[in-house]
Structure formats: C-alpha cells, structure tokens
Amino acid sequence: MIKLSKLKCNICGSEMDVPKCCDKSMIVKKGYLLCCCSEDCGYQPIPECCGKIMEYSEM
Ligand SMILES: [Zn+2]
Ligand SMILES: [Zn+2]
C-alpha cells in the first residue's frame with residue numbers, strides 16, 4: 001500500500017513531499033523525521049516554513 005505523505009505549512013499553504021529514506025517516505029516521530037525501516041537508520045529535523053515546523057499530512 002502506497003501512502004502519499006506531504007509536509008504542509010499552515011501559514012502560507014505551501015507543500016512539499018516528505019523526504020525519503022530506504023526508498024520509502026519518512027515518518028514523523030518525536031518531532032523528527034525518521035526512516036520507517038529502522039530508528040537506527042537515521043533521522044533529520046522536520047523542515048521549517050514561515051518560522052514554524054511544517055505539518056505532516058497523509059492523504
Ligand atoms: Zn510557509
Ligand atoms: Zn532508511
């Protein structure tokens with residue numbers, strides 16, 4: 001099952017694709033983007049827009 005996930009800014013409305021790791025979209029956990037394969041794989045900060053972190057939305 002393929003889920004399309006986006007990061008969205010609630011202020012200006014801009015959207016971007018969720019970064020990928022191991023060929024899958026990363027998930028948001030504990031305020032970070034994590035690889036869904038393994039928590040050890042790596043994590044990165046959620047991108048910011050308009051001075052706030054972008055909101056994760058699944059469609
Ligand atoms: Zn914005
Ligand atoms: Zn990974």
# chains A, B, ... in the order shown; residues from 1 in each chain; ligands from 1
$ residues_near_ligand --ligand "ligand 2" --cutoff "6 Å" --atoms "only C-alpha atoms and all ligand atoms" --output "PyMOL selection string"
chain A and resi 21-22+35+37+41
$ write_last_selection --atoms "N, CA and C atoms" --output "JSON list (two decimals), in the first residue's frame"
[["chain", "number", "residue", "atom", "x", "y", "z"],
["A", 21, "CYS", "N", 13.77, 7.79, 2.70],
["A", 21, "CYS", "CA", 14.93, 7.04, 3.15],
["A", 21, "CYS", "C", 14.64, 5.58, 2.84],
["A", 22, "CYS", "N", 15.62, 4.83, 2.38],
["A", 22, "CYS", "CA", 15.42, 3.43, 2.02],
["A", 22, "CYS", "C", 14.24, 3.26, 1.06],
["A", 35, "CYS", "N", 13.27, 7.28, 9.44],
["A", 35, "CYS", "CA", 13.08, 6.23, 8.45],
["A", 35, "CYS", "C", 12.15, 5.19, 9.04],
["A", 37, "CYS", "N", 11.99, 2.13, 8.26],
["A", 37, "CYS", "CA", 12.61, 0.80, 8.31],
["A", 37, "CYS", "C", 13.23, 0.56, 9.68],
["A", 41, "CYS", "N", 18.32, 3.94, 11.42],
["A", 41, "CYS", "CA", 18.71, 4.30, 10.06],
["A", 41, "CYS", "C", 19.08, 5.77, 9.96]]
$ closest_atom_pairs --of "chain A" --to "ligand 1" --cutoff "7 Å" --atoms "only C-alpha atoms and all ligand atoms" --output "JSON lines"
{"residue": "A:Cys9", "atom": "CA", "partner": "ligand 1", "partner_atom_place_in_ligand_line": "1 (Zn)", "distance": 4.7}
{"residue": "A:Asn10", "atom": "CA", "partner": "ligand 1", "partner_atom_place_in_ligand_line": "1 (Zn)", "distance": 6.8}
{"residue": "A:Ile11", "atom": "CA", "partner": "ligand 1", "partner_atom_place_in_ligand_line": "1 (Zn)", "distance": 5.2}
{"residue": "A:Cys12", "atom": "CA", "partner": "ligand 1", "partner_atom_place_in_ligand_line": "1 (Zn)", "distance": 4.1}
{"residue": "A:Gly13", "atom": "CA", "partner": "ligand 1", "partner_atom_place_in_ligand_line": "1 (Zn)", "distance": 6.1}
{"residue": "A:Ser14", "atom": "CA", "partner": "ligand 1", "partner_atom_place_in_ligand_line": "1 (Zn)", "distance": 5.8}
{"residue": "A:Cys49", "atom": "CA", "partner": "ligand 1", "partner_atom_place_in_ligand_line": "1 (Zn)", "distance": 4.1}
{"residue": "A:Cys50", "atom": "CA", "partner": "ligand 1", "partner_atom_place_in_ligand_line": "1 (Zn)", "distance": 4.2}
$ select_by_dssp --residues "chain A" --states "strand (DSSP E)" --output "JSON, numbers by chain"
{"A": [5, 6, 7, 8, 15, 16, 17, 20, 21, 24, 25, 27, 28, 29, 32, 33, 34, 43, 44, 45, 48, 49, 52, 53, 55, 56, 57, 58]}
$ atom_distance --atom1 "atom CA of A:Pro45" --atom2 "atom CA of A:Val28"
9.5 Å
$ closest_residue --among "A:Ile46, A:Met59, A:Glu15, A:Lys8" --to "A:Lys30" --atoms "only C-alpha atoms"
A:Ile46
$ decode --residues "chain A" --atoms "C-alpha atoms" --output "short mmCIF file (atom, residue, chain, number, x, y, z; two decimals), in the first residue's frame"
data_model
loop_
_atom_site.label_atom_id
_atom_site.label_comp_id
_atom_site.auth_asym_id
_atom_site.auth_seq_id
_atom_site.Cartn_x
_atom_site.Cartn_y
_atom_site.Cartn_z
CA MET A 1 0.00 0.00 0.00
CA ILE A 2 1.40 3.34 -1.02
CA LYS A 3 0.57 6.35 1.07
CA LEU A 4 1.21 9.83 -0.16
CA SER A 5 2.53 11.99 2.60
CA LYS A 6 3.24 15.67 2.46
CA LEU A 7 4.62 18.32 4.66
CA LYS A 8 2.44 21.38 4.70
CA CYS A 9 2.85 24.88 6.04
CA ASN A 10 -0.31 26.08 7.75
CA ILE A 11 0.66 29.71 7.30
CA CYS A 12 1.46 30.11 3.62
CA GLY A 13 -0.06 26.80 2.49
CA SER A 14 2.99 25.56 0.66
CA GLU A 15 3.52 21.82 0.45
CA MET A 16 6.49 19.57 -0.10
CA ASP A 17 6.99 15.85 -0.41
CA VAL A 18 8.16 14.05 2.71
CA PRO A 19 11.85 13.17 2.31
CA LYS A 20 12.61 9.54 1.56
CA CYS A 21 14.93 7.04 3.15
CA CYS A 22 15.42 3.43 2.02
CA ASP A 23 13.01 4.18 -0.88
CA LYS A 24 10.12 4.94 1.49
CA SER A 25 8.69 8.16 2.82
CA MET A 26 9.99 9.03 6.23
CA ILE A 27 7.64 9.18 9.20
CA VAL A 28 7.32 11.82 11.89
CA LYS A 29 8.05 10.74 15.42
CA LYS A 30 9.12 12.69 18.47
CA GLY A 31 9.35 15.82 16.39
CA TYR A 32 11.76 14.36 13.86
CA LEU A 33 11.58 12.68 10.51
CA LEU A 34 12.51 9.04 10.91
CA CYS A 35 13.08 6.23 8.45
CA CYS A 36 10.23 3.74 8.79
CA CYS A 37 12.61 0.80 8.31
CA SER A 38 14.63 1.36 11.44
CA GLU A 39 15.03 4.05 14.03
CA ASP A 40 18.75 3.48 13.73
CA CYS A 41 18.71 4.30 10.06
CA GLY A 42 18.76 8.00 10.69
CA TYR A 43 16.59 10.94 11.43
CA GLN A 44 16.52 14.53 10.40
CA PRO A 45 14.76 17.65 11.60
CA ILE A 46 11.38 18.50 10.11
CA PRO A 47 11.79 21.33 7.60
CA GLU A 48 10.54 24.75 8.62
CA CYS A 49 8.49 27.27 6.69
CA CYS A 50 7.42 30.73 7.83
CA GLY A 51 9.38 30.18 11.06
CA LYS A 52 7.41 27.08 12.10
CA ILE A 53 7.95 23.40 11.51
CA MET A 54 5.80 22.06 8.73
CA GLU A 55 2.85 19.83 9.50
CA TYR A 56 2.79 16.23 8.39
CA SER A 57 -0.30 15.24 6.47
CA GLU A 58 -1.29 11.91 4.99
CA MET A 59 -3.68 11.63 2.09
#
